[in-house]
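Chemist: Dropping in model.cif, with mmCIF, C-alpha atoms.
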data_coords
loop_
_atom_site.label_atom_id
_atom_site.label_comp_id
_atom_site.auth_asym_id
_atom_site.auth_seq_id
_atom_site.Cartn_x
_atom_site.Cartn_y
_atom_site.Cartn_z
CA MET M 165 2.33 -40.82 47.67
CA SER M 166 3.37 -39.15 50.89
CA ALA M 167 5.47 -36.01 50.72
CA LEU M 168 7.63 -34.48 53.39
CA ARG M 169 9.22 -31.08 53.45
CA ALA M 170 11.53 -30.43 56.34
CA VAL M 171 14.31 -28.10 57.33
CA GLY M 172 17.33 -29.71 58.96
CA PRO M 173 20.33 -31.94 58.38
CA PRO M 174 19.56 -35.17 56.51
CA ARG M 175 20.28 -38.51 58.17
CA PRO M 176 20.43 -40.98 55.27
CA TRP M 177 19.18 -44.37 56.29
CA ARG M 178 19.36 -47.57 54.32
CA LEU M 179 17.20 -50.50 55.14
CA PRO M 180 18.53 -53.72 53.64
CA GLY M 181 16.11 -55.61 51.37
CA ARG M 182 14.23 -58.27 53.23
CA ALA M 183 10.98 -60.12 53.93
CA PRO M 184 8.26 -61.90 52.04
CA ALA M 185 4.59 -61.05 51.64
CA HIS M 186 3.69 -63.92 54.01
CA TYR M 187 5.37 -62.03 56.88
CA ASN M 188 2.39 -62.44 59.20
CA ARG M 189 1.76 -66.12 58.41
CA PRO M 190 2.10 -68.38 61.49
CA VAL M 191 5.51 -70.05 61.61
CA THR M 192 6.08 -73.54 63.02
CA ALA M 193 8.90 -73.63 65.53
CA PRO M 194 11.85 -75.30 63.77
CA ALA M 195 13.76 -78.07 65.48
CA ARG M 196 17.06 -76.44 64.56
CA LEU M 197 18.25 -72.89 64.16
CA PRO M 198 18.50 -71.92 60.45
CA VAL M 199 22.15 -71.49 59.45
CA HIS M 200 23.68 -70.51 56.12
CA VAL M 201 27.39 -70.41 55.15
CA VAL M 202 28.70 -68.32 52.23
CA PRO M 203 32.12 -69.66 51.12
CA MET M 204 34.46 -66.84 50.04
CA PRO M 205 37.82 -68.61 49.67
CA HIS M 206 39.67 -65.56 48.32
CA VAL M 207 39.15 -63.26 51.36
CA HIS M 208 41.16 -63.30 54.58
CA ARG M 209 38.53 -62.70 57.25
CA ALA M 210 35.23 -64.26 58.25
CA ALA M 211 32.03 -62.57 59.36
CA LEU M 212 29.18 -63.85 61.50
CA ALA M 213 25.73 -62.25 61.25
CA VAL M 214 22.79 -63.05 63.51
CA THR M 215 19.42 -61.46 62.73
CA LEU M 216 16.26 -61.76 64.80
CA GLY M 217 12.84 -60.31 64.17
CA GLY M 218 12.11 -57.30 66.37
CA GLY M 219 11.66 -53.54 66.23
CA PRO M 220 8.40 -51.58 65.95
CA ARG M 221 6.71 -54.15 63.69
CA VAL M 222 6.60 -56.76 66.48
CA GLU M 223 6.63 -54.54 69.58
CA ARG M 224 3.45 -54.21 71.58
CA PRO M 225 2.18 -50.65 72.24
CA ARG M 226 3.92 -50.32 75.62
CA GLU M 227 7.12 -51.84 74.19
CA ALA M 228 7.84 -48.94 71.82
CA GLY M 229 11.60 -48.64 71.43
CA LEU M 230 12.26 -51.69 73.62
CA THR M 231 14.11 -53.69 70.93
CA HIS M 232 16.53 -50.81 70.43
CA LEU M 233 17.15 -50.56 74.17
CA LEU M 234 17.64 -54.34 74.29
CA GLU M 235 20.22 -54.05 71.51
CA HIS M 236 22.21 -51.68 73.74
CA MET M 237 21.78 -53.72 76.92
CA LEU M 238 22.78 -57.07 75.41
CA PHE M 239 26.39 -55.90 75.47
CA ARG M 240 26.41 -54.65 79.09
CA GLY M 241 27.95 -57.92 80.26
CA ALA M 242 26.94 -61.48 79.36
CA GLY M 243 27.77 -65.03 80.40
CA ALA M 244 31.15 -65.28 82.11
CA HIS M 245 31.93 -61.63 81.30
CA PRO M 246 30.27 -59.56 84.02
CA THR M 247 30.82 -56.08 82.57
CA ALA M 248 30.65 -54.38 79.21
CA ARG M 249 34.41 -53.87 79.30
CA ALA M 250 35.06 -57.57 79.94
CA LEU M 251 32.63 -58.63 77.24
CA LEU M 252 33.93 -56.26 74.58
CA GLY M 253 37.48 -57.23 75.52
CA ALA M 254 36.60 -60.86 74.87
CA PHE M 255 35.19 -59.91 71.46
CA GLU M 256 38.40 -58.03 70.66
CA ASP M 257 40.47 -61.06 71.68
CA ALA M 258 38.42 -63.25 69.35
CA GLY M 259 37.87 -60.81 66.51
CA GLU M 260 36.68 -57.24 66.19
CA GLU M 261 34.22 -55.10 68.10
CA PRO M 262 30.67 -56.28 67.35
CA ASP M 263 28.34 -54.12 65.30
CA ALA M 264 24.66 -54.17 66.26
CA PHE M 265 21.68 -52.22 64.97
CA THR M 266 17.89 -52.22 65.11
CA THR M 267 15.60 -51.52 62.17
CA ASP M 268 11.83 -51.46 61.89
CA ASP M 269 11.50 -55.26 62.02
CA ALA M 270 14.87 -56.72 63.00
CA LEU M 271 17.82 -56.65 65.39
CA THR M 272 21.14 -57.62 63.78
CA ILE M 273 24.56 -58.42 65.23
CA VAL M 274 27.61 -58.65 62.95
CA VAL M 275 31.13 -59.65 64.07
CA THR M 276 34.30 -60.01 61.97
CA CYS M 277 37.10 -62.39 62.95
CA ALA M 278 39.86 -64.63 61.72
CA PRO M 279 38.30 -67.76 60.18
CA GLU M 280 39.77 -70.06 62.84
CA ARG M 281 38.11 -68.01 65.62
CA LEU M 282 34.57 -68.26 64.31
CA GLY M 283 33.66 -70.71 67.09
CA ARG M 284 34.84 -68.32 69.82
CA VAL M 285 32.85 -65.49 68.33
CA ALA M 286 29.76 -67.72 68.06
CA GLY M 287 30.09 -68.57 71.73
CA LEU M 288 30.23 -64.90 72.70
CA VAL M 289 27.21 -64.05 70.56
CA ALA M 290 25.35 -66.97 72.17
CA ASP M 291 26.16 -65.48 75.60
CA VAL M 292 24.89 -62.08 74.45
CA LEU M 293 21.59 -63.51 73.22
CA LEU M 294 20.99 -66.11 75.94
CA ARG M 295 22.77 -64.88 79.06
CA PRO M 296 22.78 -61.05 79.17
CA ARG M 297 23.41 -59.41 82.54
CA TYR M 298 21.68 -56.06 81.90
CA ARG M 299 24.32 -54.17 83.87
CA ASP M 300 24.31 -50.35 84.13
CA LEU M 301 20.79 -49.92 82.73
CA GLU M 302 20.53 -46.29 83.82
CA ARG M 303 23.84 -45.42 82.18
CA GLU M 304 22.78 -47.01 78.90
CA ARG M 305 19.34 -45.42 79.16
CA ASP M 306 21.06 -42.03 79.15
CA VAL M 307 22.94 -43.02 75.98
CA VAL M 308 19.67 -43.95 74.25
CA LEU M 309 18.03 -40.73 75.42
CA GLU M 310 20.91 -38.76 73.88
CA GLU M 311 20.36 -40.66 70.65
CA TRP M 312 16.64 -39.83 70.74
CA LEU M 313 17.39 -36.13 71.35
CA GLY M 314 19.18 -36.07 68.01
CA LEU M 315 15.87 -36.93 66.31
CA VAL M 316 13.65 -34.26 67.92
CA ASP M 317 13.57 -30.51 68.46
CA GLU M 318 13.52 -28.64 71.77
CA ASP M 319 9.80 -29.43 72.13
CA ASP M 320 10.33 -33.18 71.63
CA ARG M 321 8.73 -33.08 68.16
CA LEU M 322 10.20 -35.43 65.56
CA VAL M 323 12.39 -33.64 63.03
CA ASP M 324 14.20 -36.64 61.60
CA LEU M 325 13.20 -37.10 57.97
CA ASP M 326 13.09 -40.89 58.15
CA ASP M 327 10.80 -40.95 61.17
CA VAL M 328 8.47 -38.19 59.94
CA SER M 329 8.13 -39.64 56.44
CA ARG M 330 7.52 -43.14 57.83
CA ALA M 331 4.77 -41.78 60.10
CA LEU M 332 3.18 -40.18 57.01
CA ALA M 333 3.41 -43.39 55.01
CA PHE M 334 1.87 -45.57 57.77
CA PRO M 335 -0.19 -43.31 60.07
CA GLY M 336 -1.25 -45.02 63.28
CA HIS M 337 0.56 -48.26 62.42
CA PRO M 338 3.59 -49.74 64.25
CA ALA M 339 5.62 -49.39 61.03
CA GLY M 340 5.20 -45.63 61.40
CA ARG M 341 6.76 -45.53 64.87
CA PRO M 342 10.39 -44.49 65.46
CA VAL M 343 12.76 -47.39 66.12
CA VAL M 344 14.12 -45.56 69.19
CA GLY M 345 10.65 -45.00 70.69
CA ASP M 346 9.92 -41.83 72.63
CA ARG M 347 11.14 -40.25 75.85
CA ALA M 348 8.39 -41.74 78.04
CA ALA M 349 9.01 -45.25 76.72
CA ILE M 350 12.78 -45.01 77.05
CA GLU M 351 12.43 -43.83 80.66
CA ARG M 352 9.81 -46.50 81.47
CA HIS M 353 11.47 -49.70 80.26
CA GLY M 354 13.13 -51.81 82.97
CA ARG M 355 15.01 -55.08 83.25
CA GLY M 356 11.82 -57.10 83.49
CA ALA M 357 10.50 -55.72 80.20
CA LEU M 358 13.87 -56.31 78.53
CA GLU M 359 13.98 -59.93 79.64
CA ARG M 360 10.37 -60.63 78.61
CA LEU M 361 11.07 -59.25 75.12
CA ARG M 362 14.35 -61.17 74.86
CA ARG M 363 12.59 -64.44 75.69
CA ARG M 364 9.95 -63.75 73.04
CA LEU M 365 12.44 -62.80 70.34
CA VAL M 366 15.34 -65.20 70.94
CA VAL M 367 13.68 -68.39 69.70
CA ALA M 368 14.67 -70.59 66.77
CA GLY M 369 11.76 -69.48 64.58
CA ASN M 370 12.80 -65.85 64.96
CA VAL M 371 16.60 -66.09 64.61
CA ALA M 372 18.78 -66.72 61.56
CA VAL M 373 22.55 -67.18 61.43
CA ALA M 374 24.88 -66.68 58.48
CA ALA M 375 28.67 -66.81 58.18
CA ALA M 376 30.78 -65.72 55.23
CA GLY M 377 34.48 -65.94 54.47
CA PRO M 378 37.16 -68.53 53.66
CA LEU M 379 35.09 -71.22 55.37
CA ASP M 380 34.35 -74.87 54.79
CA PRO M 381 30.55 -75.12 55.19
CA ARG M 382 30.65 -78.25 57.36
CA ARG M 383 33.38 -76.99 59.67
CA ALA M 384 31.74 -73.58 59.90
CA ALA M 385 28.40 -75.15 60.81
CA ALA M 386 30.16 -77.07 63.59
CA ALA M 387 31.85 -73.88 64.83
CA LEU M 388 28.43 -72.22 65.09
CA ALA M 389 27.18 -74.95 67.46
CA PRO M 390 26.97 -72.59 70.52
CA LEU M 391 24.18 -70.69 68.79
CA ARG M 392 22.08 -73.87 68.59
CA GLU M 393 21.32 -73.34 72.28
CA VAL M 394 18.63 -70.92 71.13
CA PRO M 395 15.38 -72.53 72.33
CA PRO M 396 12.62 -73.56 69.91
CA GLY M 397 9.71 -71.22 69.34
CA PRO M 398 7.73 -69.49 66.60
CA ARG M 399 8.33 -66.08 65.10
CA PRO M 400 6.15 -63.38 66.73
CA SER M 401 3.30 -62.23 64.52
CA ALA M 402 3.20 -58.69 63.16
CA PRO M 403 0.19 -56.64 62.07
CA PRO M 404 -0.11 -56.32 58.29
CA LEU M 405 0.52 -52.93 56.75
CA PRO M 406 -2.55 -50.78 56.05
CA PRO M 407 -3.74 -50.81 52.43
CA PRO M 408 -2.39 -48.10 50.13
CA ALA M 409 -4.43 -44.92 49.88
CA PRO M 410 -6.86 -44.66 46.95
CA GLU M 411 -5.46 -43.21 43.72
CA ASN M 412 -7.50 -40.02 44.10
CA ALA M 413 -6.35 -39.39 47.66
CA ALA M 414 -4.36 -36.23 48.34
CA PRO M 415 -0.71 -36.62 49.34
CA ARG M 416 -0.05 -36.64 53.07
CA THR M 417 2.37 -33.84 53.86
CA ALA M 418 4.29 -32.44 56.80
CA TRP M 419 6.37 -29.32 57.28
CA VAL M 420 8.89 -29.44 60.11
CA PRO M 421 10.61 -26.15 61.01
CA PHE M 422 14.23 -26.43 62.08
CA ASP M 423 15.61 -23.06 63.19
CA GLY M 424 18.98 -22.06 61.80
CA ALA M 425 19.24 -24.78 59.16
CA PRO M 426 21.09 -23.49 56.05
CA GLN M 427 19.09 -25.69 53.65
CA THR M 428 15.69 -27.27 53.17
CA ASP M 429 15.46 -31.04 52.93
CA LEU M 430 12.65 -32.48 50.84
CA ARG M 431 11.51 -36.11 50.99
CA LEU M 432 9.00 -37.70 48.62
CA THR M 433 7.91 -41.23 49.56
CA LEU M 434 5.99 -43.54 47.24
CA ARG M 435 4.65 -46.97 48.10
CA GLY M 436 5.31 -49.93 45.80
CA PRO M 437 5.85 -53.70 45.72
CA GLY M 438 7.95 -55.55 48.29
CA PRO M 439 10.88 -57.91 47.62
CA ALA M 440 8.65 -61.00 47.40
CA ASP M 441 6.46 -59.38 44.74
CA PRO M 442 7.09 -60.24 41.05
CA ALA M 443 7.20 -56.49 40.33
CA TRP M 444 10.11 -55.91 42.75
CA PRO M 445 12.82 -56.19 40.03
CA ALA M 446 11.10 -53.45 38.00
CA PHE M 447 10.85 -51.30 41.14
CA ARG M 448 14.59 -51.71 41.65
CA ALA M 449 15.25 -50.84 38.02
CA LEU M 450 13.19 -47.64 38.31
CA GLN M 451 15.15 -46.60 41.39
CA GLY M 452 18.36 -47.08 39.40
CA VAL M 453 17.03 -44.88 36.59
CA LEU M 454 16.43 -42.12 39.12
CA ASP M 455 19.64 -42.54 41.08
CA GLY M 456 22.07 -45.20 39.96
CA GLY M 457 25.11 -43.00 39.48
CA ALA M 458 26.34 -39.62 38.27
CA THR M 459 24.60 -39.91 34.89
CA SER M 460 21.20 -40.93 36.27
CA ARG M 461 18.28 -38.53 36.37
CA LEU M 462 18.28 -37.08 39.88
CA PRO M 463 21.94 -36.04 40.10
CA GLU M 464 22.07 -34.94 36.47
CA ARG M 465 18.89 -32.86 36.42
CA LEU M 466 18.94 -31.46 39.95
CA VAL M 467 22.52 -31.33 41.21
CA ASP M 468 24.26 -30.69 37.87
CA HIS M 469 21.71 -28.00 37.03
CA GLY M 470 22.35 -26.16 40.30
CA LEU M 471 18.92 -26.82 41.83
CA ALA M 472 20.14 -28.95 44.73
CA TYR M 473 23.20 -29.65 46.82
CA GLU M 474 22.24 -33.32 47.11
CA ALA M 475 19.65 -35.53 45.42
CA TRP M 476 19.24 -39.28 45.79
CA ALA M 477 16.65 -42.04 45.60
CA ASP M 478 16.61 -45.26 47.58
CA LEU M 479 14.38 -48.27 48.14
CA VAL M 480 13.17 -49.33 51.57
CA ALA M 481 12.30 -53.04 51.52
CA LEU M 482 9.66 -53.71 54.13
CA PRO M 483 8.37 -57.24 54.76
CA ASP M 484 5.17 -56.68 52.81
CA ALA M 485 5.78 -53.55 50.72
CA GLY M 486 8.47 -51.35 49.27
CA LEU M 487 8.99 -47.60 49.56
CA LEU M 488 10.72 -45.41 47.00
CA GLU M 489 12.28 -42.42 48.76
CA VAL M 490 13.39 -39.38 46.78
CA HIS M 491 15.48 -36.94 48.82
CA VAL M 492 16.57 -33.44 47.81
CA SER M 493 18.63 -30.94 49.83
CA THR M 494 18.36 -27.42 48.42
CA SER M 495 18.55 -23.76 49.38
CA HIS M 496 15.32 -22.33 50.77
CA ASP M 497 14.64 -20.11 47.76
CA LYS M 498 15.08 -22.99 45.28
CA LEU M 499 12.68 -25.36 47.03
CA PRO M 500 9.64 -24.71 44.76
CA LEU M 501 11.64 -25.27 41.57
CA ALA M 502 13.45 -28.30 43.02
CA LEU M 503 10.12 -29.86 44.03
CA GLU M 504 8.66 -29.21 40.58
CA ARG M 505 11.69 -30.81 38.94
CA ALA M 506 11.61 -33.85 41.27
CA LEU M 507 7.92 -34.46 40.57
CA GLY M 508 8.60 -34.08 36.87
CA LEU M 509 11.27 -36.76 37.05
CA LEU M 510 8.81 -39.12 38.73
CA ARG M 511 6.21 -38.51 36.05
CA GLY M 512 8.92 -39.01 33.44
CA LEU M 513 9.47 -42.60 34.59
CA GLU M 514 6.72 -43.55 32.13
CA ARG M 515 9.49 -43.30 29.52
CA VAL M 516 12.71 -45.20 30.20
CA GLU M 517 15.44 -45.60 27.59
CA PRO M 518 17.27 -48.92 27.05
CA GLY M 519 20.58 -47.14 27.63
CA GLU M 520 19.50 -46.13 31.14
CA LEU M 521 18.73 -49.73 32.02
CA ALA M 522 22.05 -50.84 30.52
CA ARG M 523 23.94 -48.39 32.76
CA GLY M 524 22.03 -49.75 35.75
CA GLN M 525 23.10 -53.24 34.80
CA ALA M 526 26.76 -52.14 34.66
CA ARG M 527 26.46 -50.51 38.09
CA ARG M 528 25.01 -53.67 39.59
CA ALA M 529 27.92 -55.64 38.15
CA HIS M 530 30.38 -53.22 39.80
CA ALA M 531 28.53 -53.55 43.11
CA ALA M 532 28.63 -57.34 42.84
CA ARG M 533 32.41 -57.22 42.37
CA ARG M 534 32.77 -55.07 45.49
CA ARG M 535 30.65 -57.48 47.51
CA ARG M 536 32.97 -60.36 46.65
CA ASP M 537 35.51 -58.83 49.03
CA ASP M 538 33.00 -57.96 51.79
CA PRO M 539 32.10 -60.93 54.01
CA GLU M 540 30.27 -58.68 56.47
CA ASP M 541 27.83 -57.56 53.80
CA GLU M 542 27.34 -61.08 52.47
CA ALA M 543 26.71 -62.56 55.93
CA GLU M 544 24.30 -59.82 56.95
CA TRP M 545 22.32 -60.07 53.70
CA ALA M 546 22.13 -63.87 53.88
CA ALA M 547 20.97 -63.84 57.51
CA ARG M 548 18.12 -61.45 56.75
CA ARG M 549 17.00 -63.40 53.71
CA LEU M 550 17.19 -66.66 55.65
CA LEU M 551 15.09 -65.29 58.49
CA LEU M 552 12.40 -64.01 56.16
CA GLY M 553 12.19 -66.89 53.74
CA LEU M 554 13.64 -65.22 50.65
CA PRO M 555 16.15 -66.75 48.19
CA ARG M 556 19.78 -66.14 49.08
CA ASP M 557 21.24 -66.15 45.55
CA ARG M 558 22.26 -62.51 45.00
CA ALA M 559 23.42 -63.17 41.45
CA ALA M 560 19.98 -64.51 40.55
CA GLU M 561 18.37 -61.51 42.24
CA ASP M 562 20.45 -59.10 40.16
CA ALA M 563 19.75 -61.12 37.02
CA ARG M 564 16.02 -60.58 37.49
CA VAL M 565 16.59 -56.83 37.63
CA ASP M 566 18.90 -56.99 34.60
CA ALA M 567 16.10 -58.70 32.65
CA VAL M 568 13.70 -55.76 33.14
CA THR M 569 12.83 -54.04 29.84
CA PRO M 570 11.52 -50.52 29.19
#
Translate the structure of the given file into C-alpha cells.

Modeler:
Amino acid sequence: MSALRAVGPPRPWRLPGRAPAHYNRPVTAPARLPVHVVPMPHVHRAALAVTLGGGPRVERPREAGLTHLLEHMLFRGAGAHPTARALLGAFEDAGEEPDAFTTDDALTIVVTCAPERLGRVAGLVADVLLRPRYRDLERERDVVLEEWLGLVDEDDRLVDLDDVSRALAFPGHPAGRPVVGDRAAIERHGRGALERLRRRLVVAGNVAVAAAGPLDPRRAAAALAPLREVPPGPRPSAPPLPPPAPENAAPRTAWVPFDGAPQTDLRLTLRGPGPADPAWPAFRALQGVLDGGATSRLPERLVDHGLAYEAWADLVALPDAGLLEVHVSTSHDKLPLALERALGLLRGLERVEPGELARGQARRAHAARRRRDDPEDEAEWAARRLLLGLPRDRAAEDARVDAVTP
C-alpha cells in the first residue's frame, strides 16, 4: 500500500478500464486497422473514437511528456487545413469540436457528429493523425507549460495528488511519471521529436477505431475508410510494472505542503489485479462497497459523520495491474481521525454483506441505462478495449461483477 497525505485542491482523475496482462507481448502488425461499430439505433448522434498506445508507458526517457505535447500539436493544422482555426472550423462543419486527451498509456480522440457525417469526421481525424502541420509550436508549448504549472508549486515540486501517488506506487518506473512531463522536457521537445513519435505510434498495431450511434455496421465501416490509411506496424513495447512490495514492507508515504490550502487531502493507494485478471470483478465489487453511492461505506462513515468534506474511492485500470484509490478531503485538525477511519474501512472489507453487493448491482444497472444514451462513452470504451485485446461486451463485464459473492 502506498499512502499520500497532501495539502491542496484535489484534481479527480478517472482512468478508463483497459489493457490485458499480455501488454508487453510482441504484436504482429495487422493487415487492417481494427474497427468496431456499436449500433445504438435509438440515439440521434454518432461518435467516433480513435485510441492509440502512447503516454509515459511507451515513451523513452528523453520523450517524457511528448505524447501529451503531440496531442496538442495534432490540431495545429492538418492536411488541407493549414491552421488550427481552419481545422477546428472543418470539425465544426462536420460535427462538434474534437475532444482529445492523454493518459498513462494512450492518446484518445473522440468526435461527435450527425450519423451521415461520420465519413467526413473520419477524414479529418485521418488528416490529424497522418498529416499534421505542427504549426505554432511555441504558442502551444506555452499552453502546455501553463498546464504543468497547475501541477507543481513555486519550486517546481509536484503537488498534484495523482502524480505524487503514482510516483509512490511505481518509483523509478515510467508508470510513475507525470503524463505532462516536466519543464525541461516540455521546453526541449521540437518538431523532429514530435514527428518521430507520431510515426512510431500511428501504426495499425497501435491504433483502434470505434464508432457508436444509429449506424449500420457495414455502412459505418465504409465511412471509416479514410482511417485505413494508417500504415502497418506493431505496437511499441512497454516495460512491465515492477513487482508489488513484500507484505511486510512499510507503506511509502509523502507529505506535500501547499500554503494557504483550507483543507488537507489524503490519498491511500493500494495495488490489486488488472482488468484481464480473474479477480478483477471482485476488485470492482470491493470498490463499490467502499464508494458506490450515498449509502456506501466511505460517504456514510466519513462524510455523514462529519469527518470529511469529500470521500471517494475509484479504480485505476492499468494494462497489467489495478489500483484502488481512496481519497479524503478533510479539515487539518480532523486528519488523524479521518485517516484512522479510512484505514478501518479498508480493514473492514474482510466482511461484506450481501445487501451491499445487491446495492452495487442496482447502481451498475442504473449506469448501464445511462450509457445507452451516450455514444461518446460507448465508442471510447470500445476503442480502448479493442486496442488492448479485451472483450467489448459491457453487459457481460457487469454480469461478472454482479456474480461476485461475499

Chemist: Set the distance at 8 Å and use all atoms listed in the file: which residues neighbour Val274 in chain M once local chain neighbours fewer than 5 positions away are removed? I'd like the list as a ChimeraX atom specification.

Modeler: /M:211-214,262-264,540,544

Chemist: Would you write out, as a list in words, every residue that the PyMOL selection byres ((chain M and resi 219-229) around 8) captures in this file?

Modeler: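 With the PyMOL selection byres ((chain M and resi 219-229) around 8) on this model, the match is Gly217, Gly218, Leu230, Thr231, His232, Leu233, Thr266, Thr267, Asp268, Asp269, Ala270, Leu271, Pro338, Ala339, Arg341, Pro342, Val343, Val344, Gly345, Asp346, Ala349, Ile350, His353, Ala357, Pro400, Ser401, Ala402 and Pro403 of chain M.
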
Chemist: Check the smallest atom-to-atom distance from each of M:Pro483, M:Pro463, M:Gly512, M:Pro500 to Gly436 in chain M using all atoms listed in the file, then report the winner.

Modeler: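 Looking only at the distances to Gly436 in chain M, the closest residue turns out to be M:Pro483.
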
Chemist: What is the CA of Arg355 in chain M-CA of Asp306 in chain M distance in Å, reported with one decimal?

Modeler: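 According to the coordinates, CA of Arg355 in chain M and CA of Asp306 in chain M are separated by 15.0 Å.
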
Chemist: Counting only C-alpha atoms, what is within 9 Å of range 255-261 of chain M, bar same-chain residues fewer than 6 positions away, as an MDAnalysis selection string?

Modeler: chainID M and resid 275:278 281:282 284:285 288

Chemist: I need every residue sitting at most 12 Å from the point (9.6, -30.3, 67.6) (coordinates as in the file, only C-alpha atoms considered), written as a JSON list (two decimals) with C-alpha atoms, in the coordinates of the input.

Modeler:
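The result, stored in point-v2.json:
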[["chain", "number", "residue", "atom", "x", "y", "z"],
["M", 170, "ALA", "CA", 11.53, -30.43, 56.34],
["M", 171, "VAL", "CA", 14.31, -28.10, 57.33],
["M", 172, "GLY", "CA", 17.33, -29.71, 58.96],
["M", 313, "LEU", "CA", 17.39, -36.13, 71.35],
["M", 314, "GLY", "CA", 19.18, -36.07, 68.01],
["M", 315, "LEU", "CA", 15.87, -36.93, 66.31],
["M", 316, "VAL", "CA", 13.65, -34.26, 67.92],
["M", 317, "ASP", "CA", 13.57, -30.51, 68.46],
["M", 318, "GLU", "CA", 13.52, -28.64, 71.77],
["M", 319, "ASP", "CA", 9.80, -29.43, 72.13],
["M", 320, "ASP", "CA", 10.33, -33.18, 71.63],
["M", 321, "ARG", "CA", 8.73, -33.08, 68.16],
["M", 322, "LEU", "CA", 10.20, -35.43, 65.56],
["M", 323, "VAL", "CA", 12.39, -33.64, 63.03],
["M", 324, "ASP", "CA", 14.20, -36.64, 61.60],
["M", 328, "VAL", "CA", 8.47, -38.19, 59.94],
["M", 419, "TRP", "CA", 6.37, -29.32, 57.28],
["M", 420, "VAL", "CA", 8.89, -29.44, 60.11],
["M", 421, "PRO", "CA", 10.61, -26.15, 61.01],
["M", 422, "PHE", "CA", 14.23, -26.43, 62.08],
["M", 423, "ASP", "CA", 15.61, -23.06, 63.19]]

Chemist: Do you know which residues are at most 9 Å from range 235-246 of chain M counting all atoms listed in the file, after dropping those on the same chain fewer than 4 positions away, and could you put them as a PyMOL selection string?

Modeler: chain M and resi 230-231+250-252+254+264-266+271-273+288+290-301+304-305+307-308+358

Chemist: Counting only C-alpha atoms, figure out which residue out of M:Val207, M:Val568, M:Ala531, M:Val199 gets nearest to Ala368 in chain M.

Modeler: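 For Ala368 in chain M, the nearest of the candidates is M:Val199.
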
Chemist: Record the distance separating CA of Arg511 in chain M and CA of Ser329 in chain M, expressed in Å with one decimal.

Modeler: 20.5 Å
